[in-house]
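For reference, protein.cif is printed below; it contains mmCIF, N, CA and C atoms.
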```cif
data_work
loop_
_atom_site.label_atom_id
_atom_site.label_comp_id
_atom_site.auth_asym_id
_atom_site.auth_seq_id
_atom_site.Cartn_x
_atom_site.Cartn_y
_atom_site.Cartn_z
N MET E 1 0.84 -1.18 0.00
CA MET E 1 0.00 0.00 0.00
C MET E 1 0.88 1.24 0.00
N ILE E 2 0.53 2.22 -0.80
CA ILE E 2 1.26 3.48 -0.88
C ILE E 2 0.64 4.47 0.09
N GLU E 3 1.50 5.08 0.90
CA GLU E 3 1.03 6.09 1.85
C GLU E 3 1.16 7.46 1.21
N VAL E 4 0.10 8.25 1.25
CA VAL E 4 0.09 9.58 0.66
C VAL E 4 -0.07 10.60 1.77
N THR E 5 0.82 11.58 1.78
CA THR E 5 0.72 12.67 2.74
C THR E 5 0.20 13.90 2.03
N ILE E 6 -0.87 14.46 2.53
CA ILE E 6 -1.44 15.66 1.94
C ILE E 6 -1.08 16.83 2.83
N VAL E 7 -0.47 17.83 2.25
CA VAL E 7 -0.09 19.03 2.99
C VAL E 7 -1.09 20.12 2.66
N ASP E 8 -1.81 20.58 3.67
CA ASP E 8 -2.79 21.65 3.47
C ASP E 8 -2.11 22.97 3.80
N LYS E 9 -1.59 23.65 2.78
CA LYS E 9 -0.85 24.89 2.98
C LYS E 9 -1.75 26.06 3.38
N THR E 10 -3.03 25.96 3.14
CA THR E 10 -3.94 27.08 3.40
C THR E 10 -4.24 27.25 4.89
N HIS E 11 -4.06 26.21 5.69
CA HIS E 11 -4.38 26.30 7.12
C HIS E 11 -3.14 26.25 7.99
N ASP E 12 -2.01 26.64 7.45
CA ASP E 12 -0.75 26.66 8.18
C ASP E 12 -0.77 27.82 9.17
N PRO E 13 -0.49 27.55 10.45
CA PRO E 13 -0.55 28.62 11.46
C PRO E 13 0.64 29.57 11.44
N PHE E 14 1.69 29.25 10.70
CA PHE E 14 2.87 30.11 10.67
C PHE E 14 2.61 31.39 9.89
N SER E 15 3.26 32.48 10.32
CA SER E 15 3.22 33.72 9.57
C SER E 15 4.12 33.56 8.34
N ILE E 16 3.99 34.45 7.39
CA ILE E 16 4.84 34.34 6.20
C ILE E 16 6.31 34.58 6.56
N LYS E 17 6.58 35.38 7.59
CA LYS E 17 7.96 35.55 8.05
C LYS E 17 8.52 34.21 8.53
N GLU E 18 7.75 33.51 9.33
CA GLU E 18 8.18 32.21 9.85
C GLU E 18 8.35 31.20 8.72
N LYS E 19 7.47 31.27 7.73
CA LYS E 19 7.56 30.35 6.59
C LYS E 19 8.83 30.61 5.78
N ALA E 20 9.16 31.87 5.55
CA ALA E 20 10.36 32.20 4.79
C ALA E 20 11.61 31.69 5.52
N ILE E 21 11.67 31.91 6.83
CA ILE E 21 12.80 31.45 7.63
C ILE E 21 12.87 29.92 7.62
N SER E 22 11.75 29.27 7.84
CA SER E 22 11.71 27.82 7.85
C SER E 22 12.13 27.24 6.51
N PHE E 23 11.68 27.86 5.41
CA PHE E 23 12.07 27.41 4.08
C PHE E 23 13.59 27.43 3.95
N LEU E 24 14.22 28.54 4.30
CA LEU E 24 15.67 28.67 4.18
C LEU E 24 16.40 27.68 5.10
N GLN E 25 15.90 27.49 6.31
CA GLN E 25 16.54 26.56 7.25
C GLN E 25 16.45 25.13 6.75
N LEU E 26 15.31 24.74 6.22
CA LEU E 26 15.17 23.39 5.67
C LEU E 26 16.11 23.18 4.49
N VAL E 27 16.18 24.15 3.59
CA VAL E 27 17.06 24.04 2.44
C VAL E 27 18.52 23.92 2.90
N ALA E 28 18.91 24.74 3.88
CA ALA E 28 20.29 24.69 4.39
C ALA E 28 20.61 23.33 5.00
N LYS E 29 19.62 22.69 5.60
CA LYS E 29 19.82 21.36 6.20
C LYS E 29 19.75 20.24 5.18
N GLY E 30 19.54 20.58 3.92
CA GLY E 30 19.46 19.57 2.88
C GLY E 30 18.08 18.98 2.68
N LYS E 31 17.09 19.54 3.34
CA LYS E 31 15.70 19.05 3.22
C LYS E 31 14.94 19.89 2.20
N VAL E 32 15.50 19.93 1.00
CA VAL E 32 15.00 20.81 -0.06
C VAL E 32 13.58 20.43 -0.47
N ARG E 33 13.34 19.17 -0.74
CA ARG E 33 11.99 18.75 -1.18
C ARG E 33 10.96 19.00 -0.10
N GLU E 34 11.32 18.77 1.15
CA GLU E 34 10.40 19.06 2.25
C GLU E 34 10.05 20.55 2.26
N ALA E 35 11.04 21.40 2.06
CA ALA E 35 10.82 22.85 2.03
C ALA E 35 9.86 23.21 0.89
N TYR E 36 10.07 22.62 -0.26
CA TYR E 36 9.20 22.89 -1.41
C TYR E 36 7.78 22.38 -1.16
N ILE E 37 7.65 21.18 -0.63
CA ILE E 37 6.32 20.62 -0.36
C ILE E 37 5.56 21.50 0.63
N ARG E 38 6.24 21.94 1.67
CA ARG E 38 5.59 22.73 2.72
C ARG E 38 5.21 24.14 2.27
N TYR E 39 6.10 24.80 1.52
CA TYR E 39 5.95 26.24 1.36
C TYR E 39 5.83 26.78 -0.06
N VAL E 40 6.20 26.02 -1.07
CA VAL E 40 6.26 26.56 -2.43
C VAL E 40 4.97 26.27 -3.20
N ASP E 41 4.44 27.29 -3.83
CA ASP E 41 3.23 27.18 -4.61
C ASP E 41 3.52 26.54 -5.97
N ASP E 42 2.51 25.95 -6.56
CA ASP E 42 2.65 25.31 -7.88
C ASP E 42 3.08 26.31 -8.96
N CYS E 43 2.72 27.57 -8.80
CA CYS E 43 3.06 28.57 -9.83
C CYS E 43 4.35 29.34 -9.49
N PHE E 44 5.17 28.78 -8.61
CA PHE E 44 6.43 29.40 -8.17
C PHE E 44 7.35 29.74 -9.35
N CYS E 45 7.98 30.90 -9.26
CA CYS E 45 9.05 31.27 -10.18
C CYS E 45 10.14 31.98 -9.37
N HIS E 46 11.34 32.03 -9.93
CA HIS E 46 12.44 32.69 -9.23
C HIS E 46 13.27 33.50 -10.22
N HIS E 47 14.19 34.31 -9.68
CA HIS E 47 14.96 35.24 -10.50
C HIS E 47 16.47 35.03 -10.39
N ASN E 48 16.90 33.83 -9.98
CA ASN E 48 18.32 33.53 -9.92
C ASN E 48 18.83 33.40 -11.35
N PRO E 49 19.79 34.24 -11.76
CA PRO E 49 20.21 34.26 -13.17
C PRO E 49 21.00 33.04 -13.61
N PHE E 50 21.37 32.16 -12.69
CA PHE E 50 22.18 31.00 -13.04
C PHE E 50 21.37 29.75 -13.38
N PHE E 51 20.03 29.83 -13.24
CA PHE E 51 19.17 28.67 -13.48
C PHE E 51 17.91 29.11 -14.22
N LYS E 52 17.28 28.16 -14.91
CA LYS E 52 15.98 28.44 -15.52
C LYS E 52 15.04 28.96 -14.42
N GLY E 53 14.04 29.72 -14.80
CA GLY E 53 13.18 30.38 -13.83
C GLY E 53 12.07 29.54 -13.21
N ASP E 54 12.05 28.24 -13.50
CA ASP E 54 10.97 27.39 -12.97
C ASP E 54 11.35 26.77 -11.62
N SER E 55 10.37 26.25 -10.95
CA SER E 55 10.51 25.65 -9.64
C SER E 55 11.46 24.44 -9.66
N GLN E 56 11.25 23.56 -10.60
CA GLN E 56 12.02 22.31 -10.67
C GLN E 56 13.52 22.56 -10.83
N SER E 57 13.89 23.49 -11.69
CA SER E 57 15.31 23.78 -11.93
C SER E 57 16.01 24.26 -10.67
N LEU E 58 15.38 25.18 -9.96
CA LEU E 58 16.00 25.69 -8.74
C LEU E 58 16.04 24.62 -7.66
N MET E 59 14.99 23.83 -7.54
CA MET E 59 14.96 22.78 -6.53
C MET E 59 16.09 21.77 -6.77
N LEU E 60 16.28 21.36 -8.01
CA LEU E 60 17.35 20.41 -8.32
C LEU E 60 18.72 21.01 -8.03
N ALA E 61 18.91 22.29 -8.34
CA ALA E 61 20.17 22.96 -8.04
C ALA E 61 20.41 23.03 -6.53
N MET E 62 19.36 23.30 -5.77
CA MET E 62 19.48 23.33 -4.31
C MET E 62 19.81 21.96 -3.75
N GLU E 63 19.22 20.92 -4.32
CA GLU E 63 19.52 19.56 -3.87
C GLU E 63 20.97 19.19 -4.19
N GLU E 64 21.44 19.57 -5.36
CA GLU E 64 22.83 19.29 -5.73
C GLU E 64 23.79 20.01 -4.80
N ASP E 65 23.49 21.28 -4.49
CA ASP E 65 24.33 22.04 -3.57
C ASP E 65 24.32 21.40 -2.18
N ALA E 66 23.16 20.94 -1.73
CA ALA E 66 23.06 20.30 -0.41
C ALA E 66 23.89 19.02 -0.36
N ALA E 67 23.90 18.26 -1.46
CA ALA E 67 24.68 17.03 -1.51
C ALA E 67 26.18 17.34 -1.48
N GLN E 68 26.58 18.42 -2.14
CA GLN E 68 27.99 18.80 -2.18
C GLN E 68 28.45 19.49 -0.90
N ASN E 69 27.50 20.08 -0.17
CA ASN E 69 27.82 20.84 1.05
C ASN E 69 26.89 20.42 2.19
N PRO E 70 27.08 19.21 2.71
CA PRO E 70 26.16 18.70 3.73
C PRO E 70 26.26 19.38 5.09
N ASN E 71 27.31 20.14 5.31
CA ASN E 71 27.50 20.81 6.61
C ASN E 71 27.24 22.31 6.54
N LYS E 72 26.37 22.70 5.64
CA LYS E 72 26.05 24.12 5.44
C LYS E 72 25.49 24.73 6.74
N LEU E 73 25.88 25.97 6.99
CA LEU E 73 25.41 26.70 8.17
C LEU E 73 24.69 27.97 7.72
N LEU E 74 23.52 28.18 8.26
CA LEU E 74 22.73 29.38 7.93
C LEU E 74 22.35 30.08 9.22
N GLU E 75 22.63 31.37 9.26
CA GLU E 75 22.27 32.18 10.42
C GLU E 75 21.46 33.38 9.93
N VAL E 76 20.19 33.42 10.30
CA VAL E 76 19.33 34.54 9.92
C VAL E 76 19.68 35.73 10.79
N LYS E 77 19.93 36.87 10.15
CA LYS E 77 20.33 38.08 10.86
C LYS E 77 19.18 39.07 11.00
N GLN E 78 18.41 39.26 9.93
CA GLN E 78 17.30 40.21 9.95
C GLN E 78 16.17 39.69 9.07
N VAL E 79 14.94 40.01 9.46
CA VAL E 79 13.78 39.66 8.64
C VAL E 79 12.83 40.85 8.64
N VAL E 80 12.39 41.23 7.45
CA VAL E 80 11.46 42.34 7.30
C VAL E 80 10.28 41.82 6.48
N SER E 81 9.09 42.16 6.93
CA SER E 81 7.89 41.70 6.23
C SER E 81 6.95 42.88 6.03
N GLU E 82 6.43 42.98 4.80
CA GLU E 82 5.44 44.01 4.51
C GLU E 82 4.49 43.46 3.46
N GLY E 83 3.24 43.43 3.77
CA GLY E 83 2.24 42.90 2.84
C GLY E 83 2.53 41.44 2.52
N ASP E 84 2.68 41.13 1.24
CA ASP E 84 2.94 39.75 0.83
C ASP E 84 4.42 39.47 0.60
N THR E 85 5.30 40.39 1.06
CA THR E 85 6.73 40.28 0.81
C THR E 85 7.51 40.11 2.11
N VAL E 86 8.47 39.19 2.08
CA VAL E 86 9.37 38.97 3.21
C VAL E 86 10.80 39.05 2.69
N VAL E 87 11.64 39.79 3.40
CA VAL E 87 13.05 39.92 3.06
C VAL E 87 13.86 39.33 4.22
N VAL E 88 14.73 38.38 3.89
CA VAL E 88 15.56 37.72 4.91
C VAL E 88 17.03 38.00 4.58
N HIS E 89 17.72 38.60 5.54
CA HIS E 89 19.15 38.88 5.44
C HIS E 89 19.84 37.84 6.30
N SER E 90 20.75 37.05 5.71
CA SER E 90 21.35 35.96 6.47
C SER E 90 22.82 35.77 6.12
N TYR E 91 23.47 34.97 6.96
CA TYR E 91 24.87 34.62 6.81
C TYR E 91 24.94 33.12 6.55
N MET E 92 25.51 32.73 5.41
CA MET E 92 25.57 31.33 5.06
C MET E 92 27.01 30.93 4.80
N ARG E 93 27.38 29.76 5.35
CA ARG E 93 28.70 29.19 5.10
C ARG E 93 28.53 27.75 4.64
N GLN E 94 29.31 27.37 3.66
CA GLN E 94 29.24 26.00 3.14
C GLN E 94 29.77 25.00 4.17
N HIS E 95 30.71 25.45 5.02
CA HIS E 95 31.26 24.63 6.10
C HIS E 95 31.83 25.57 7.16
N GLN E 96 32.16 25.04 8.31
CA GLN E 96 32.59 25.82 9.48
C GLN E 96 33.75 26.77 9.19
N GLU E 97 34.72 26.36 8.37
CA GLU E 97 35.91 27.17 8.12
C GLU E 97 35.72 28.23 7.04
N SER E 98 34.63 28.18 6.33
CA SER E 98 34.36 29.10 5.22
C SER E 98 34.08 30.51 5.73
N LEU E 99 34.53 31.51 4.98
CA LEU E 99 34.19 32.89 5.31
C LEU E 99 32.72 33.17 5.05
N GLY E 100 32.17 32.49 4.06
CA GLY E 100 30.74 32.55 3.80
C GLY E 100 30.30 33.70 2.92
N VAL E 101 28.99 33.87 2.93
CA VAL E 101 28.32 34.81 2.05
C VAL E 101 27.22 35.53 2.83
N ALA E 102 27.09 36.82 2.61
CA ALA E 102 25.94 37.56 3.11
C ALA E 102 24.85 37.42 2.04
N LEU E 103 23.68 36.96 2.44
CA LEU E 103 22.59 36.70 1.50
C LEU E 103 21.37 37.55 1.80
N VAL E 104 20.67 37.90 0.75
CA VAL E 104 19.36 38.53 0.88
C VAL E 104 18.41 37.71 0.01
N HIS E 105 17.37 37.18 0.62
CA HIS E 105 16.30 36.48 -0.10
C HIS E 105 15.04 37.32 0.01
N ILE E 106 14.42 37.56 -1.11
CA ILE E 106 13.16 38.29 -1.14
C ILE E 106 12.09 37.32 -1.61
N PHE E 107 11.12 37.10 -0.74
CA PHE E 107 10.03 36.17 -1.03
C PHE E 107 8.74 36.94 -1.28
N ARG E 108 7.98 36.51 -2.26
CA ARG E 108 6.61 37.02 -2.43
C ARG E 108 5.68 35.84 -2.20
N PHE E 109 4.70 36.07 -1.34
CA PHE E 109 3.73 35.04 -0.97
C PHE E 109 2.37 35.35 -1.58
N HIS E 110 1.61 34.30 -1.82
CA HIS E 110 0.21 34.42 -2.22
C HIS E 110 -0.55 33.32 -1.50
N GLU E 111 -1.56 33.70 -0.75
CA GLU E 111 -2.36 32.77 0.04
C GLU E 111 -1.48 31.85 0.89
N GLY E 112 -0.44 32.42 1.48
CA GLY E 112 0.41 31.69 2.42
C GLY E 112 1.51 30.86 1.79
N ASN E 113 1.62 30.85 0.47
CA ASN E 113 2.63 30.05 -0.22
C ASN E 113 3.63 30.95 -0.94
N ILE E 114 4.86 30.46 -1.09
CA ILE E 114 5.88 31.21 -1.82
C ILE E 114 5.59 31.09 -3.31
N VAL E 115 5.42 32.23 -3.95
CA VAL E 115 5.16 32.23 -5.40
C VAL E 115 6.30 32.84 -6.20
N GLU E 116 7.17 33.59 -5.52
CA GLU E 116 8.27 34.22 -6.24
C GLU E 116 9.44 34.43 -5.28
N LEU E 117 10.65 34.30 -5.83
CA LEU E 117 11.86 34.40 -5.01
C LEU E 117 12.98 35.10 -5.78
N TRP E 118 13.63 36.03 -5.10
CA TRP E 118 14.84 36.69 -5.59
C TRP E 118 15.92 36.38 -4.56
N ASP E 119 17.16 36.18 -5.00
CA ASP E 119 18.25 35.98 -4.05
C ASP E 119 19.50 36.70 -4.53
N ILE E 120 20.18 37.32 -3.59
CA ILE E 120 21.37 38.11 -3.87
C ILE E 120 22.43 37.70 -2.86
N GLY E 121 23.65 37.43 -3.33
CA GLY E 121 24.73 37.02 -2.44
C GLY E 121 25.95 37.89 -2.57
N GLN E 122 26.62 38.11 -1.45
CA GLN E 122 27.85 38.90 -1.42
C GLN E 122 28.90 38.12 -0.63
N PRO E 123 29.96 37.64 -1.30
CA PRO E 123 31.01 36.90 -0.58
C PRO E 123 31.64 37.77 0.51
N ILE E 124 31.95 37.14 1.64
CA ILE E 124 32.60 37.85 2.74
C ILE E 124 34.11 37.84 2.46
N PRO E 125 34.75 39.02 2.34
CA PRO E 125 36.19 39.06 2.08
C PRO E 125 37.00 38.78 3.35
N LYS E 126 38.24 38.31 3.14
CA LYS E 126 39.13 38.07 4.29
C LYS E 126 39.43 39.37 5.02
N GLN E 127 39.63 40.43 4.23
CA GLN E 127 39.92 41.74 4.80
C GLN E 127 39.01 42.76 4.14
N SER E 128 38.58 43.72 4.94
CA SER E 128 37.72 44.77 4.44
C SER E 128 38.05 46.08 5.13
N PRO E 129 38.03 47.19 4.40
CA PRO E 129 38.26 48.48 5.04
C PRO E 129 37.05 48.92 5.87
N ASN E 130 35.93 48.25 5.71
CA ASN E 130 34.71 48.63 6.42
C ASN E 130 34.70 48.00 7.81
N GLU E 131 34.84 48.82 8.84
CA GLU E 131 34.88 48.34 10.22
C GLU E 131 33.53 47.85 10.73
N ASN E 132 32.45 48.12 9.99
CA ASN E 132 31.10 47.70 10.42
C ASN E 132 30.81 46.25 10.07
N GLY E 133 31.49 45.70 9.10
CA GLY E 133 31.24 44.32 8.69
C GLY E 133 29.93 44.20 7.94
N PRO E 134 29.65 43.02 7.39
CA PRO E 134 28.45 42.86 6.59
C PRO E 134 27.16 42.73 7.41
N PHE E 135 27.29 42.55 8.71
CA PHE E 135 26.08 42.35 9.53
C PHE E 135 26.01 43.37 10.65
#
```
Same coordinates, now as structure tokens:
Amino acid sequence: MIEVTIVDKTHDPFSIKEKAISFLQLVAKGKVREAYIRYVDDCFCHHNPFFKGDSQSLMLAMEEDAAQNPNKLLEVKQVVSEGDTVVVHSYMRQHQESLGVALVHIFRFHEGNIVELWDIGQPIPKQSPNENGPF
């Protein structure tokens, strides 16, 4: 017998801020498909210039990255939400010794699901003249 799990995204008690953070945390832990099942709408599109703009292409790229970097670390620094948009500023490292990347993910939600995503990354330099740092 095949067991089918139905996820009812419309009655999720989490706020869209919590959903955006949870999505990123699941992806960082390598649970990419779970993140997509829980939070991504069927009409999802994204704006990462390195992949086709459809859901499947980005999901497969995220899974490949997770397989190559199983010890990824993600630290959410700031979250801003207005209307149907959530912006998450975070610090991500592929492994403990990595300098990492400052990331900004911009999510657009519709009826509680992620329908659109933009992501911007800035590598952390070894040395910087800016005493404030990226965070």
Where in chain E does DSSP assign helix (DSSP H, G or I), given as a ChimeraX atom specification?
/E:9-11,16-28,32-39,55-68
Quote the spacing between atom CA of Leu58 of chain E and atom CA of Lys29 of chain E in Å to one decimal place.
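The value is 16.0 Å.
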Applied to the shown file, which residues does the PyMOL selection byres ((chain E and resi 71) around 6) return, written as a PyMOL selection string?
chain E and resi 69-70+72-73+93-96
For the selection just defined, write its residues with N, CA and C atoms to a file, as a PDB file, in the frame of the given file.
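After the write, selection_24.pdb holds the following:
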```
ATOM      1  N   ASN E  69      27.500  20.080  -0.170  1.00  0.00           N
ATOM      2  CA  ASN E  69      27.820  20.840   1.050  1.00  0.00           C
ATOM      3  C   ASN E  69      26.890  20.420   2.190  1.00  0.00           C
ATOM      4  N   PRO E  70      27.080  19.210   2.710  1.00  0.00           N
ATOM      5  CA  PRO E  70      26.160  18.700   3.730  1.00  0.00           C
ATOM      6  C   PRO E  70      26.260  19.380   5.090  1.00  0.00           C
ATOM      7  N   LYS E  72      26.370  22.700   5.640  1.00  0.00           N
ATOM      8  CA  LYS E  72      26.050  24.120   5.440  1.00  0.00           C
ATOM      9  C   LYS E  72      25.490  24.730   6.740  1.00  0.00           C
ATOM     10  N   LEU E  73      25.880  25.970   6.990  1.00  0.00           N
ATOM     11  CA  LEU E  73      25.410  26.700   8.170  1.00  0.00           C
ATOM     12  C   LEU E  73      24.690  27.970   7.720  1.00  0.00           C
ATOM     13  N   ARG E  93      27.380  29.760   5.350  1.00  0.00           N
ATOM     14  CA  ARG E  93      28.700  29.190   5.100  1.00  0.00           C
ATOM     15  C   ARG E  93      28.530  27.750   4.640  1.00  0.00           C
ATOM     16  N   GLN E  94      29.310  27.370   3.660  1.00  0.00           N
ATOM     17  CA  GLN E  94      29.240  26.000   3.140  1.00  0.00           C
ATOM     18  C   GLN E  94      29.770  25.000   4.170  1.00  0.00           C
ATOM     19  N   HIS E  95      30.710  25.450   5.020  1.00  0.00           N
ATOM     20  CA  HIS E  95      31.260  24.630   6.100  1.00  0.00           C
ATOM     21  C   HIS E  95      31.830  25.570   7.160  1.00  0.00           C
ATOM     22  N   GLN E  96      32.160  25.040   8.310  1.00  0.00           N
ATOM     23  CA  GLN E  96      32.590  25.820   9.480  1.00  0.00           C
ATOM     24  C   GLN E  96      33.750  26.770   9.190  1.00  0.00           C
TER      25      GLN E  96
END
```
Could you give me, as a CSV table (one decimal) with N, CA and C atoms, in the frame of the given file, the residues within 12 Å of His46 of chain E, counting only C-alpha atoms and dropping anything in the same chain fewer than 4 positions from it?
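The new file result-v1.csv reads:
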```
chain,number,residue,atom,x,y,z
E,40,VAL,N,6.2,26.0,-1.1
E,40,VAL,CA,6.3,26.6,-2.4
E,40,VAL,C,5.0,26.3,-3.2
E,41,ASP,N,4.4,27.3,-3.8
E,41,ASP,CA,3.2,27.2,-4.6
E,41,ASP,C,3.5,26.5,-6.0
E,50,PHE,N,21.4,32.2,-12.7
E,50,PHE,CA,22.2,31.0,-13.0
E,50,PHE,C,21.4,29.8,-13.4
E,51,PHE,N,20.0,29.8,-13.2
E,51,PHE,CA,19.2,28.7,-13.5
E,51,PHE,C,17.9,29.1,-14.2
E,52,LYS,N,17.3,28.2,-14.9
E,52,LYS,CA,16.0,28.4,-15.5
E,52,LYS,C,15.0,29.0,-14.4
E,53,GLY,N,14.0,29.7,-14.8
E,53,GLY,CA,13.2,30.4,-13.8
E,53,GLY,C,12.1,29.5,-13.2
E,54,ASP,N,12.0,28.2,-13.5
E,54,ASP,CA,11.0,27.4,-13.0
E,54,ASP,C,11.4,26.8,-11.6
E,55,SER,N,10.4,26.2,-11.0
E,55,SER,CA,10.5,25.6,-9.6
E,55,SER,C,11.5,24.4,-9.7
E,56,GLN,N,11.2,23.6,-10.6
E,56,GLN,CA,12.0,22.3,-10.7
E,56,GLN,C,13.5,22.6,-10.8
E,57,SER,N,13.9,23.5,-11.7
E,57,SER,CA,15.3,23.8,-11.9
E,57,SER,C,16.0,24.3,-10.7
E,58,LEU,N,15.4,25.2,-10.0
E,58,LEU,CA,16.0,25.7,-8.7
E,58,LEU,C,16.0,24.6,-7.7
E,59,MET,N,15.0,23.8,-7.5
E,59,MET,CA,15.0,22.8,-6.5
E,59,MET,C,16.1,21.8,-6.8
E,105,HIS,N,17.4,37.2,0.6
E,105,HIS,CA,16.3,36.5,-0.1
E,105,HIS,C,15.0,37.3,0.0
E,106,ILE,N,14.4,37.6,-1.1
E,106,ILE,CA,13.2,38.3,-1.1
E,106,ILE,C,12.1,37.3,-1.6
E,107,PHE,N,11.1,37.1,-0.7
E,107,PHE,CA,10.0,36.2,-1.0
E,107,PHE,C,8.7,36.9,-1.3
E,108,ARG,N,8.0,36.5,-2.3
E,108,ARG,CA,6.6,37.0,-2.4
E,108,ARG,C,5.7,35.8,-2.2
E,114,ILE,N,4.9,30.5,-1.1
E,114,ILE,CA,5.9,31.2,-1.8
E,114,ILE,C,5.6,31.1,-3.3
E,115,VAL,N,5.4,32.2,-4.0
E,115,VAL,CA,5.2,32.2,-5.4
E,115,VAL,C,6.3,32.8,-6.2
E,116,GLU,N,7.2,33.6,-5.5
E,116,GLU,CA,8.3,34.2,-6.2
E,116,GLU,C,9.4,34.4,-5.3
E,117,LEU,N,10.6,34.3,-5.8
E,117,LEU,CA,11.9,34.4,-5.0
E,117,LEU,C,13.0,35.1,-5.8
E,118,TRP,N,13.6,36.0,-5.1
E,118,TRP,CA,14.8,36.7,-5.6
E,118,TRP,C,15.9,36.4,-4.6
E,119,ASP,N,17.2,36.2,-5.0
E,119,ASP,CA,18.2,36.0,-4.0
E,119,ASP,C,19.5,36.7,-4.5
E,120,ILE,N,20.2,37.3,-3.6
E,120,ILE,CA,21.4,38.1,-3.9
E,120,ILE,C,22.4,37.7,-2.9
```
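Nearest to Lys19 of chain E of all the residues E:Met92, E:Glu131, E:Tyr39, E:Glu97 is E:Tyr39, counting only N, CA and C atoms.
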